[in-house]
>>> print(open('final.txt').read())   # compact mmCIF, C-alpha atoms
# COMPACT_ATOMS: atom_id res chain seq x y z
CA MET A 1 149.95 43.75 116.35
CA LEU A 2 146.51 44.07 114.84
CA GLN A 3 145.97 46.91 112.38
CA ARG A 4 142.76 48.85 113.12
CA LYS A 5 140.96 47.90 109.90
CA TYR A 6 141.41 44.18 110.48
CA VAL A 7 138.61 43.33 112.87
CA LEU A 8 136.76 45.17 115.60
CA ILE A 9 136.44 48.63 117.03
CA ALA A 10 137.50 47.04 120.33
CA VAL A 11 140.84 46.05 118.81
CA TYR A 12 141.29 49.57 117.48
CA ALA A 13 140.62 51.11 120.90
CA PHE A 14 142.98 48.68 122.64
CA GLU A 15 145.76 49.38 120.14
CA GLN A 16 145.24 53.11 120.54
CA ARG A 17 145.49 52.86 124.33
CA LEU A 18 148.77 50.90 124.05
CA GLU A 19 150.08 53.48 121.58
CA PHE A 20 149.08 56.31 123.93
CA LEU A 21 150.87 54.62 126.83
CA GLY A 22 153.94 53.72 124.77
CA ASP A 23 154.25 57.20 123.31
CA ALA A 24 154.68 58.68 126.79
CA ALA A 25 157.03 55.88 127.88
CA VAL A 26 159.35 56.08 124.85
CA ASP A 27 159.40 59.87 125.07
CA TYR A 28 160.63 59.59 128.67
CA LEU A 29 163.18 56.88 127.80
CA ILE A 30 164.73 58.96 125.01
CA MET A 31 164.74 62.06 127.20
CA SER A 32 166.64 60.10 129.87
CA TYR A 33 169.02 58.71 127.24
CA LEU A 34 169.93 62.12 125.82
CA TYR A 35 170.07 63.96 129.14
CA SER A 36 172.33 61.38 130.79
CA SER A 37 174.51 60.69 127.73
CA TYR A 38 175.33 64.35 127.03
CA PRO A 39 175.36 66.19 130.39
CA ASN A 40 177.14 69.27 129.02
CA ILE A 41 175.08 69.93 125.91
CA LYS A 42 172.99 73.11 125.90
CA PRO A 43 169.18 72.87 126.30
CA GLY A 44 168.53 74.06 122.75
CA GLN A 45 170.82 71.35 121.36
CA LEU A 46 169.10 68.72 123.51
CA THR A 47 165.81 69.90 122.02
CA ASP A 48 167.21 69.41 118.52
CA LEU A 49 168.39 65.90 119.39
CA ARG A 50 165.00 65.05 120.87
CA MET A 51 163.25 66.35 117.76
CA LEU A 52 165.39 64.05 115.61
CA THR A 53 164.66 60.94 117.68
CA VAL A 54 161.09 61.39 118.89
CA ASN A 55 159.19 61.30 115.62
CA ASN A 56 157.38 58.80 113.44
CA ASP A 57 160.15 58.51 110.83
CA PHE A 58 162.75 57.53 113.45
CA PHE A 59 160.40 54.97 115.03
CA ALA A 60 159.56 53.57 111.59
CA HIS A 61 163.26 52.92 110.94
CA VAL A 62 163.44 51.17 114.32
CA ALA A 63 160.48 48.98 113.33
CA VAL A 64 162.10 48.03 110.01
CA ARG A 65 165.46 47.28 111.65
CA CYS A 66 163.74 44.92 114.12
CA SER A 67 161.38 43.48 111.46
CA LEU A 68 158.32 44.41 113.53
CA HIS A 69 156.40 45.02 110.30
CA SER A 70 156.40 41.27 109.61
CA TYR A 71 154.07 40.78 112.62
CA LEU A 72 151.51 43.31 111.39
CA ILE A 73 148.13 41.88 110.33
CA SER A 74 146.14 44.09 107.99
CA ALA A 75 143.28 43.65 105.57
CA SER A 76 144.40 46.67 103.54
CA SER A 77 146.41 45.71 100.46
CA ALA A 78 147.27 49.39 99.89
CA LEU A 79 148.78 49.65 103.37
CA SER A 80 150.77 46.44 102.90
CA GLU A 81 152.12 47.72 99.59
CA SER A 82 153.07 51.06 101.16
CA ILE A 83 154.91 49.30 103.99
CA ASN A 84 156.78 46.98 101.60
CA LYS A 85 157.94 49.92 99.49
CA PHE A 86 159.23 51.77 102.54
CA VAL A 87 160.98 48.66 103.90
CA ASP A 88 162.70 47.99 100.56
CA PHE A 89 163.84 51.62 100.37
CA VAL A 90 165.25 51.67 103.91
CA ARG A 91 167.07 48.36 103.50
CA ALA A 92 168.57 49.24 100.12
CA PRO A 93 172.23 50.41 100.09
CA ALA A 94 172.54 54.19 100.08
CA SER A 95 174.10 54.10 96.60
CA GLU A 96 171.04 52.33 95.19
CA ARG A 97 168.36 54.55 96.70
CA ASP A 98 166.47 56.69 94.23
CA LEU A 99 165.64 59.80 96.27
CA ALA A 100 163.27 60.97 93.55
CA HIS A 101 161.06 57.99 94.39
CA GLU A 102 161.50 57.97 98.16
CA PRO A 103 158.25 56.47 99.55
CA LYS A 104 156.21 58.13 102.25
CA CYS A 105 156.79 56.75 105.73
CA PRO A 106 153.69 54.74 106.85
CA LYS A 107 152.58 56.03 110.26
CA VAL A 108 151.60 52.54 111.40
CA LEU A 109 155.28 51.49 111.58
CA GLY A 110 156.03 54.14 114.17
CA ASP A 111 152.84 53.21 116.01
CA LEU A 112 154.11 49.62 116.25
CA VAL A 113 157.16 50.66 118.27
CA GLU A 114 155.08 52.80 120.63
CA SER A 115 152.47 50.06 121.05
CA CYS A 116 155.16 47.49 121.87
CA ALA A 117 156.60 49.78 124.53
CA GLY A 118 153.10 50.31 125.93
CA ALA A 119 152.44 46.56 126.02
CA ILE A 120 155.72 45.87 127.85
CA LEU A 121 154.96 48.62 130.35
CA LEU A 122 151.45 47.26 130.96
CA ASP A 123 152.41 43.58 131.26
CA SER A 124 155.33 44.37 133.59
CA GLY A 125 153.10 46.20 136.06
CA PHE A 126 154.42 49.61 134.94
CA ASP A 127 158.04 48.66 135.58
CA LEU A 128 159.74 51.42 133.63
CA ASN A 129 163.17 49.97 134.41
CA LEU A 130 162.20 46.78 132.56
CA VAL A 131 160.94 48.82 129.60
CA TRP A 132 164.29 50.65 129.58
CA GLU A 133 166.26 47.39 129.58
CA THR A 134 164.06 45.98 126.78
CA MET A 135 163.78 48.99 124.49
CA MET A 136 167.27 50.48 124.74
CA PRO A 137 169.02 47.67 122.79
CA ILE A 138 166.46 48.34 120.04
CA LEU A 139 166.77 52.11 120.03
CA ASP A 140 170.48 52.54 120.80
CA PRO A 141 171.94 51.53 117.39
CA LEU A 142 169.89 54.22 115.68
CA MET A 143 170.76 56.85 118.30
CA ASN A 144 174.20 57.17 116.68
CA LEU A 145 174.51 60.88 115.94
CA SER A 146 176.36 60.22 112.68
CA SER A 147 173.09 59.02 111.18
CA LEU A 148 171.01 61.91 112.56
CA LYS A 149 170.69 65.17 110.64
CA LEU A 150 168.52 68.22 111.11
CA ASN A 151 165.89 68.81 108.48
CA PRO A 152 167.79 70.35 105.52
CA VAL A 153 164.93 72.79 104.92
CA ARG A 154 165.37 74.16 108.45
CA THR A 155 169.16 74.26 108.07
CA LEU A 156 168.87 76.14 104.77
CA ARG A 157 166.43 78.67 106.27
CA GLU A 158 168.75 79.33 109.21
CA LEU A 159 171.75 79.71 106.91
CA CYS A 160 169.89 82.18 104.68
CA GLN A 161 168.68 84.16 107.69
CA SER A 162 172.22 84.39 109.11
CA HIS A 163 173.54 85.80 105.80
CA LYS A 164 170.35 87.75 105.01
CA PHE A 165 169.72 85.84 101.78
CA GLN A 166 166.26 85.67 100.28
CA LEU A 167 164.89 82.11 100.03
CA SER A 168 161.85 80.70 98.26
CA PHE A 169 160.48 77.25 97.43
CA PRO A 170 158.44 77.48 94.19
CA ALA A 171 156.74 74.17 93.40
CA SER A 172 154.80 72.59 90.55
CA LYS A 173 152.93 69.32 90.19
CA VAL A 174 152.69 67.14 87.08
CA GLU A 175 150.94 63.75 87.15
CA ASP A 176 151.12 63.42 90.95
CA VAL A 177 154.84 64.27 91.01
CA PHE A 178 156.05 67.43 92.75
CA SER A 179 158.97 69.45 91.41
CA VAL A 180 160.38 71.90 93.94
CA GLN A 181 163.12 74.50 93.64
CA ALA A 182 165.08 75.98 96.54
CA LYS A 183 166.02 79.41 95.18
CA VAL A 184 168.60 81.39 97.16
CA ASN A 185 169.33 85.00 96.21
CA VAL A 186 173.05 85.37 96.95
CA PRO A 187 174.95 88.51 95.92
CA GLU A 188 174.87 88.98 92.13
CA THR A 189 173.37 85.57 91.36
CA PHE A 190 170.80 82.87 92.18
CA LEU A 191 171.63 79.42 93.49
CA VAL A 192 168.94 76.83 92.80
CA GLY A 193 168.48 73.36 94.25
CA HIS A 194 166.06 70.92 92.63
CA GLY A 195 163.93 68.15 94.11
CA THR A 196 161.38 65.77 92.62
CA ASN A 197 159.14 63.35 94.50
CA ARG A 198 155.55 62.23 94.85
CA ASN A 199 155.71 63.64 98.37
CA LYS A 200 156.06 67.43 98.43
CA LYS A 201 157.99 67.55 101.71
CA ALA A 202 160.47 64.96 100.43
CA ALA A 203 160.96 67.04 97.28
CA GLU A 204 161.59 70.14 99.42
CA ARG A 205 164.23 68.25 101.44
CA GLN A 206 166.02 67.17 98.26
CA ALA A 207 165.99 70.71 96.88
CA ALA A 208 167.27 72.11 100.19
CA GLU A 209 170.12 69.57 100.37
CA GLU A 210 171.25 70.44 96.84
CA ALA A 211 171.10 74.17 97.61
CA LEU A 212 173.14 73.65 100.81
CA LYS A 213 175.86 71.84 98.82
CA LYS A 214 176.05 74.70 96.29
CA LEU A 215 176.21 77.29 99.08
CA LYS A 216 179.01 75.34 100.76
CA ASP A 217 180.96 75.27 97.46
CA CYS A 218 180.62 79.06 97.36
CA GLY A 219 182.04 79.39 100.87
CA TYR A 220 178.81 79.81 102.79
CA SER A 221 178.26 77.41 105.67
CA HIS A 222 176.08 77.22 108.76
CA MET A 223 177.55 79.24 111.61
CA LEU A 224 176.61 76.63 114.19
CA LYS A 225 178.51 73.38 114.64
CA SER A 226 176.78 70.17 113.59
CA LEU A 227 175.17 68.12 116.33
CA LYS A 228 177.68 65.35 115.66
CA LYS A 229 180.66 67.67 116.26
CA ILE A 230 179.06 69.18 119.37
CA ALA A 231 178.33 65.78 120.92
CA LYS A 232 181.81 64.50 120.09
CA SER A 233 183.48 67.53 121.63
CA GLN A 234 181.41 67.24 124.80
CA GLY A 235 181.97 63.50 125.25
CA ARG A 236 179.32 60.84 125.69
CA GLN A 237 178.49 59.23 129.02
CA LYS A 238 176.80 55.89 129.64
CA PRO A 239 173.02 56.44 129.32
CA VAL A 240 170.91 55.70 132.39
CA LEU A 241 167.23 55.92 133.28
CA ILE A 242 167.00 59.00 135.46
CA GLY A 243 164.53 60.01 138.16
CA PHE A 244 162.67 56.69 138.44
CA ASP A 245 162.76 54.49 141.52
CA GLU A 246 159.16 53.29 141.84
CA ASN A 247 158.27 49.66 142.54
CA PRO A 248 156.31 47.87 139.79
CA VAL A 249 152.60 47.23 140.29
CA PRO A 250 151.74 43.51 140.84
CA VAL A 251 150.16 41.96 137.73
CA ASP A 252 147.82 38.98 137.71
CA GLY A 253 149.56 36.67 135.25
CA SER A 254 146.37 34.66 134.69
CA LYS A 255 144.85 37.65 132.93
CA ILE A 256 147.67 38.10 130.43
CA LEU A 257 146.70 36.81 126.98
CA ALA A 258 148.88 34.01 125.62
CA LEU A 259 149.04 35.14 122.00
CA LYS A 260 151.97 32.99 120.92
CA ASN A 261 151.02 30.43 118.28
CA SER A 262 147.47 31.82 118.16
CA SER A 263 145.54 32.39 114.96
CA PRO A 264 144.12 35.86 114.15
CA ASN A 265 140.59 34.63 114.97
CA GLU A 266 141.70 33.30 118.37
CA MET A 267 143.48 36.55 119.06
CA CYS A 268 140.30 38.51 118.40
CA GLU A 269 138.00 36.47 120.68
CA PRO A 270 138.83 38.43 123.88
CA PHE A 271 138.01 41.66 122.06
CA GLU A 272 134.69 40.26 120.83
CA ARG A 273 133.72 39.49 124.43
CA CYS A 274 134.42 43.04 125.47
CA ASN A 275 132.66 44.60 122.48
CA THR A 276 129.64 45.44 124.65
CA ASP A 277 131.82 47.24 127.15
CA MET A 278 133.26 49.34 124.35
CA GLN A 279 129.86 51.03 124.00
CA THR A 280 130.81 53.20 126.96
CA PHE A 281 133.52 54.81 124.86
CA LYS A 282 131.05 55.97 122.20
CA SER A 283 129.28 59.31 122.25
CA ALA A 284 125.53 59.49 122.79
CA LYS A 285 125.11 60.66 119.19
CA SER A 286 126.88 57.55 117.91
CA ARG A 287 124.81 55.22 120.10
CA LEU A 288 121.57 56.92 119.08
CA PHE A 289 122.52 56.61 115.41
CA GLU A 290 123.28 52.89 115.85
CA LEU A 291 119.97 52.32 117.66
CA CYS A 292 118.02 54.03 114.86
CA SER A 293 119.89 52.00 112.24
CA ALA A 294 119.16 48.75 114.09
CA GLN A 295 115.44 49.66 114.20
CA SER A 296 115.44 50.72 110.51
CA TRP A 297 114.41 54.25 111.47
CA GLU A 298 115.51 57.45 109.80
CA CYS A 299 118.71 59.03 111.09
CA PRO A 300 118.24 61.45 114.00
CA SER A 301 118.24 65.12 113.03
CA TYR A 302 119.86 67.85 115.13
CA ILE A 303 119.32 71.61 115.12
CA CYS A 304 120.64 74.43 117.26
CA TYR A 305 117.36 75.41 118.91
CA LYS A 306 118.69 78.46 120.75
CA ASP A 307 121.91 80.32 121.49
CA GLU A 308 122.21 82.98 124.14
CA GLY A 309 124.81 85.12 125.84
CA PRO A 310 127.62 87.39 124.58
CA SER A 311 129.79 86.20 121.70
CA HIS A 312 132.65 85.09 123.96
CA MET A 313 130.33 83.25 126.39
CA LYS A 314 127.73 81.68 124.11
CA LEU A 315 125.50 78.90 125.42
CA PHE A 316 123.83 76.56 122.93
CA THR A 317 120.64 74.53 123.29
CA PHE A 318 120.19 71.68 120.79
CA LYS A 319 117.13 69.71 119.76
CA VAL A 320 117.22 66.16 118.40
CA SER A 321 114.28 64.66 116.52
CA VAL A 322 113.75 60.92 116.07
CA GLN A 323 111.01 59.29 113.99
CA VAL A 324 109.90 56.33 116.11
CA LEU A 325 108.11 53.71 114.02
CA GLY A 326 105.82 51.12 115.55
CA ALA A 327 102.08 50.53 115.89
CA THR A 328 101.80 54.30 115.59
CA SER A 329 104.35 56.72 114.22
CA THR A 330 105.79 59.06 116.86
CA THR A 331 108.17 61.98 116.61
CA LEU A 332 110.42 62.21 119.65
CA GLU A 333 111.96 65.61 120.34
CA CYS A 334 114.52 66.12 123.11
CA PHE A 335 116.17 69.36 124.15
CA SER A 336 119.56 69.73 125.79
CA GLU A 337 120.58 71.94 128.64
CA PRO A 338 122.49 75.08 127.56
CA LYS A 339 126.10 74.10 126.87
CA ALA A 340 129.22 76.10 125.99
CA LYS A 341 130.01 73.75 123.06
CA LYS A 342 127.63 72.74 120.30
CA LYS A 343 129.00 69.19 120.34
CA ASP A 344 128.26 68.82 124.06
CA ALA A 345 124.76 70.24 123.60
CA ALA A 346 123.96 67.82 120.76
CA ASP A 347 125.34 64.93 122.80
CA HIS A 348 123.21 65.87 125.82
CA ALA A 349 120.09 65.99 123.66
CA ALA A 350 120.96 62.54 122.31
CA GLU A 351 121.32 61.26 125.90
CA GLY A 352 117.75 62.39 126.52
CA ALA A 353 116.50 60.54 123.47
CA LEU A 354 118.35 57.38 124.50
CA TRP A 355 116.88 57.59 128.00
CA TRP A 356 113.30 57.86 126.69
CA LEU A 357 113.75 55.11 124.09
CA GLN A 358 115.19 52.75 126.69
CA HIS A 359 112.23 53.28 128.99
CA GLN A 360 109.86 52.66 126.09
CA GLY A 361 111.48 49.27 125.45
CA HIS A 362 113.23 50.15 122.18
CA GLY A 363 116.43 48.24 122.88
CA LYS A 364 119.02 48.37 125.63
CA VAL A 365 121.37 51.32 125.40
CA HIS A 366 124.20 52.51 127.66
CA THR A 367 123.74 56.02 129.02
CA ARG A 368 126.50 57.75 130.90
CA SER A 369 124.26 58.79 133.78
CA SER A 370 120.80 58.20 135.15
CA GLU A 371 120.03 61.92 135.04
CA THR A 372 116.65 62.61 133.51
CA PRO A 373 117.02 64.77 130.38
CA LEU A 374 115.74 68.31 130.30
CA SER A 375 112.64 67.48 128.27
CA GLU A 376 111.10 64.78 126.14
CA VAL A 377 108.26 65.83 123.87
CA PRO A 378 106.73 62.92 121.93
CA ALA A 379 104.28 64.19 119.33
CA ASP A 380 101.92 62.22 117.14
>>> encode(input="final.txt", output="C-alpha cells")
Amino acid sequence: MLQRKYVLIAVYAFEQRLEFLGDAAVDYLIMSYLYSSYPNIKPGQLTDLRMLTVNNDFFAHVAVRCSLHSYLISASSALSESINKFVDFVRAPASERDLAHEPKCPKVLGDLVESCAGAILLDSGFDLNLVWETMMPILDPLMNLSSLKLNPVRTLRELCQSHKFQLSFPASKVEDVFSVQAKVNVPETFLVGHGTNRNKKAAERQAAEEALKKLKDCGYSHMLKSLKKIAKSQGRQKPVLIGFDENPVPVDGSKILALKNSSPNEMCEPFERCNTDMQTFKSAKSRLFELCSAQSWECPSYICYKDEGPSHMKLFTFKVSVQVLGATSTTLECFSEPKAKKKDAADHAAEGALWWLQHQGHGKVHTRSSETPLSEVPAD
C-alpha cells in the first residue's frame, strides 16, 4: 500500500476510495459474523460486540498480526517510528508491556486492512463471498471474545451509575505526560485509580481499570454479565455470510495492475497518467488557485458580496477577484448565483472566473459544466 504522503494526490485519492469501499465491506462481514455466530444474543449486546470489533484499534491489531505494516511505503520518518513503536508494544508479552508508555495506535494500520478488503472486492468484480473467504481467516483469530473487553471507562461509569456513586476524572499534564485519577465516592470513603500516559485516553483507561479492581475488592461489581460469559452461555454457531447471493461483476483482467515485483516508481506510473483526470475531483477554488500560482499571479480574493433572506433560509452571493497580469493589468470580478452555503457560492464564483480565463487563453482548466457564469466584470 502507498501512504498518502509518498507520491501523488492521485495515489491518495485511489487509496481513499479503496478504504471507503473496504470500510463498508468489512463492516458487513463482521455484522454477518456476529449475527450468525450468536443467534440468541440480545440486540444491545450485539451492538457492544460490533463496537469492539469495528474500530481502528481492532483493525490495527489485525494488520500487525498479518504483518501488513511491512508492505507500507511512506516518506514520513515520524510515521514509520510511530508504527514501529506500536508493533513492538503489541508483539511484546503481556508481562513485559509498560502500560504507562502504551503508544498511540496509528490510524494508517487500520486503514490498511480496510484498503485490502476494498482491493479484493474491486478486483473480484464485487464478489463479496470471495472477500468473506479471504478476510475471515485473518479476522477470526482476533474475534475470540476472551480478548475483547468493553472500554473500562464506560464499564466504570455504568457501575457507578448503578450504585449511585459519584465519579470524576481529574487530570494533569507535566512534560507531555498525562496523569489521570478515577475518583469514586463510595460510602464513607474515596477509591482512586491512577493512570499515566502520553495519551490522555490511555491514561483514563488505566485509571478506570485500577478503580474497577478496587471496587471489586470491596464487593462492588457490574450488574451485567461480561460479554464472554453471555456468549459462552448462548453457544456459538458457525459464522456464515448472510443475505448475499449476487453474482460477481465480470472484471477485465487486462486492466488489473501487476504490482508484484514492481518498484515504487513503477507502481506510481499509472497514477501519474491519470493525474490530469484527478482535476475533476478538485473544487473550482482549488483549480483557480493553482491556475493563478502557475501564472505567478496573486491569489484570488473572495468576499461575501450579499446575503439575503431570513436567518434560517439565508442565501449568499460571493464575489471573486483575480489580478490578471499580461500586456495590460486587468482585474477580473465574478459573482456567484445566490447559494444556501457560503462554500458553494464561493465555488460558483470561482467557476465563473475559470470559464472567463479559459476563453481568454490563460491555460486549460476543467470546469464542471459549460454553464455561463452569472457575470464577469473585467475592469482596467
>>> closest_residue(input="final.txt", among="A:Leu291, A:Cys105, A:Glu308, A:Val87", to="A:Gly361", atoms="all atoms listed in the file")
A:Leu291
>>> residues_around(input="final.txt", residues="A:Lys173", least_positions_apart="6", cutoff="12 Å", atoms="all atoms listed in the file", output="list in words")
Ser179, Val180, Gln181, Gly195, Thr196, Asn197, Arg198, Asn199, Lys200 and Ala203 of chain A
>>> residues_around(input="final.txt", residues="A:Gln234", least_positions_apart="2", cutoff="12 Å", atoms="all atoms listed in the file", output="PyMOL selection string")
chain A and resi 37-42+45+227-232+236-237
>>> residues_around(input="final.txt", residues="stretch 343-348 of chain A", least_positions_apart="4", cutoff="12 Å", atoms="all atoms listed in the file", output="PyMOL selection string")
chain A and resi 282-289+300-307+314-321+334-339+352-355+367-369+371-375
>>> closest_residue(input="final.txt", among="A:Asn129, A:Ala349, A:Ala340, A:Leu159", to="A:Gly219", atoms="only C-alpha atoms")
A:Leu159
>>> closest_atom_pairs(input="final.txt", of="stretch 96-131 of chain A", to="stretch 29-32 of chain A", cutoff="12 Å", atoms="only C-alpha atoms", output="CSV")
residue,atom,partner,partner_atom,distance
A:Glu114,CA,A:Leu29,CA,11.6
A:Ala117,CA,A:Leu29,CA,10.2
A:Leu121,CA,A:Leu29,CA,11.9
A:Leu128,CA,A:Leu29,CA,8.7
A:Asn129,CA,A:Leu29,CA,9.6
A:Leu130,CA,A:Leu29,CA,11.2
A:Val131,CA,A:Leu29,CA,8.6
>>> decode(input="final.txt", residues="stretch 35-56 of chain A", atoms="N, CA and C atoms", output="PDB file, in the first residue's frame")
ATOM      1  N   TYR A  35     -23.829 -11.815  13.871  1.00  0.00           N
ATOM      2  CA  TYR A  35     -25.253 -12.155  13.829  1.00  0.00           C
ATOM      3  C   TYR A  35     -25.464 -13.654  13.654  1.00  0.00           C
ATOM      4  N   SER A  36     -24.640 -14.277  12.814  1.00  0.00           N
ATOM      5  CA  SER A  36     -24.806 -15.713  12.569  1.00  0.00           C
ATOM      6  C   SER A  36     -24.147 -16.564  13.650  1.00  0.00           C
ATOM      7  N   SER A  37     -23.079 -16.063  14.282  1.00  0.00           N
ATOM      8  CA  SER A  37     -22.388 -16.843  15.313  1.00  0.00           C
ATOM      9  C   SER A  37     -23.168 -16.879  16.622  1.00  0.00           C
ATOM     10  N   TYR A  38     -23.867 -15.804  16.951  1.00  0.00           N
ATOM     11  CA  TYR A  38     -24.580 -15.701  18.227  1.00  0.00           C
ATOM     12  C   TYR A  38     -26.048 -15.341  17.974  1.00  0.00           C
ATOM     13  N   PRO A  39     -26.848 -16.297  17.502  1.00  0.00           N
ATOM     14  CA  PRO A  39     -28.232 -16.012  17.108  1.00  0.00           C
ATOM     15  C   PRO A  39     -29.145 -15.637  18.265  1.00  0.00           C
ATOM     16  N   ASN A  40     -28.759 -15.950  19.500  1.00  0.00           N
ATOM     17  CA  ASN A  40     -29.641 -15.709  20.644  1.00  0.00           C
ATOM     18  C   ASN A  40     -29.227 -14.521  21.501  1.00  0.00           C
ATOM     19  N   ILE A  41     -28.171 -13.841  21.111  1.00  0.00           N
ATOM     20  CA  ILE A  41     -27.726 -12.675  21.879  1.00  0.00           C
ATOM     21  C   ILE A  41     -28.648 -11.492  21.610  1.00  0.00           C
ATOM     22  N   LYS A  42     -28.883 -10.682  22.633  1.00  0.00           N
ATOM     23  CA  LYS A  42     -29.768  -9.525  22.523  1.00  0.00           C
ATOM     24  C   LYS A  42     -29.164  -8.453  21.618  1.00  0.00           C
ATOM     25  N   PRO A  43     -30.012  -7.624  21.002  1.00  0.00           N
ATOM     26  CA  PRO A  43     -29.503  -6.577  20.089  1.00  0.00           C
ATOM     27  C   PRO A  43     -28.495  -5.639  20.739  1.00  0.00           C
ATOM     28  N   GLY A  44     -28.734  -5.250  21.995  1.00  0.00           N
ATOM     29  CA  GLY A  44     -27.791  -4.351  22.659  1.00  0.00           C
ATOM     30  C   GLY A  44     -26.424  -4.975  22.843  1.00  0.00           C
ATOM     31  N   GLN A  45     -26.408  -6.296  23.114  1.00  0.00           N
ATOM     32  CA  GLN A  45     -25.137  -6.998  23.274  1.00  0.00           C
ATOM     33  C   GLN A  45     -24.426  -7.174  21.937  1.00  0.00           C
ATOM     34  N   LEU A  46     -25.204  -7.374  20.868  1.00  0.00           N
ATOM     35  CA  LEU A  46     -24.605  -7.416  19.531  1.00  0.00           C
ATOM     36  C   LEU A  46     -23.967  -6.075  19.195  1.00  0.00           C
ATOM     37  N   THR A  47     -24.622  -4.997  19.608  1.00  0.00           N
ATOM     38  CA  THR A  47     -24.066  -3.661  19.366  1.00  0.00           C
ATOM     39  C   THR A  47     -22.737  -3.483  20.086  1.00  0.00           C
ATOM     40  N   ASP A  48     -22.674  -3.985  21.328  1.00  0.00           N
ATOM     41  CA  ASP A  48     -21.416  -3.903  22.078  1.00  0.00           C
ATOM     42  C   ASP A  48     -20.313  -4.700  21.384  1.00  0.00           C
ATOM     43  N   LEU A  49     -20.654  -5.897  20.910  1.00  0.00           N
ATOM     44  CA  LEU A  49     -19.655  -6.718  20.211  1.00  0.00           C
ATOM     45  C   LEU A  49     -19.184  -6.031  18.931  1.00  0.00           C
ATOM     46  N   ARG A  50     -20.112  -5.432  18.218  1.00  0.00           N
ATOM     47  CA  ARG A  50     -19.743  -4.737  16.981  1.00  0.00           C
ATOM     48  C   ARG A  50     -18.847  -3.548  17.284  1.00  0.00           C
ATOM     49  N   MET A  51     -19.141  -2.834  18.362  1.00  0.00           N
ATOM     50  CA  MET A  51     -18.328  -1.686  18.741  1.00  0.00           C
ATOM     51  C   MET A  51     -16.894  -2.101  19.061  1.00  0.00           C
ATOM     52  N   LEU A  52     -16.735  -3.301  19.626  1.00  0.00           N
ATOM     53  CA  LEU A  52     -15.402  -3.785  19.983  1.00  0.00           C
ATOM     54  C   LEU A  52     -14.595  -4.250  18.776  1.00  0.00           C
ATOM     55  N   THR A  53     -15.272  -4.627  17.706  1.00  0.00           N
ATOM     56  CA  THR A  53     -14.578  -5.215  16.561  1.00  0.00           C
ATOM     57  C   THR A  53     -14.551  -4.329  15.324  1.00  0.00           C
ATOM     58  N   VAL A  54     -15.403  -3.331  15.255  1.00  0.00           N
ATOM     59  CA  VAL A  54     -15.381  -2.416  14.116  1.00  0.00           C
ATOM     60  C   VAL A  54     -14.816  -1.085  14.589  1.00  0.00           C
ATOM     61  N   ASN A  55     -13.526  -1.027  14.712  1.00  0.00           N
ATOM     62  CA  ASN A  55     -12.847   0.200  15.124  1.00  0.00           C
ATOM     63  C   ASN A  55     -11.387   0.130  14.686  1.00  0.00           C
ATOM     64  N   ASN A  56     -10.728   1.253  14.692  1.00  0.00           N
ATOM     65  CA  ASN A  56      -9.370   1.327  14.162  1.00  0.00           C
ATOM     66  C   ASN A  56      -8.378   0.508  14.987  1.00  0.00           C
TER      67      ASN A  56
END
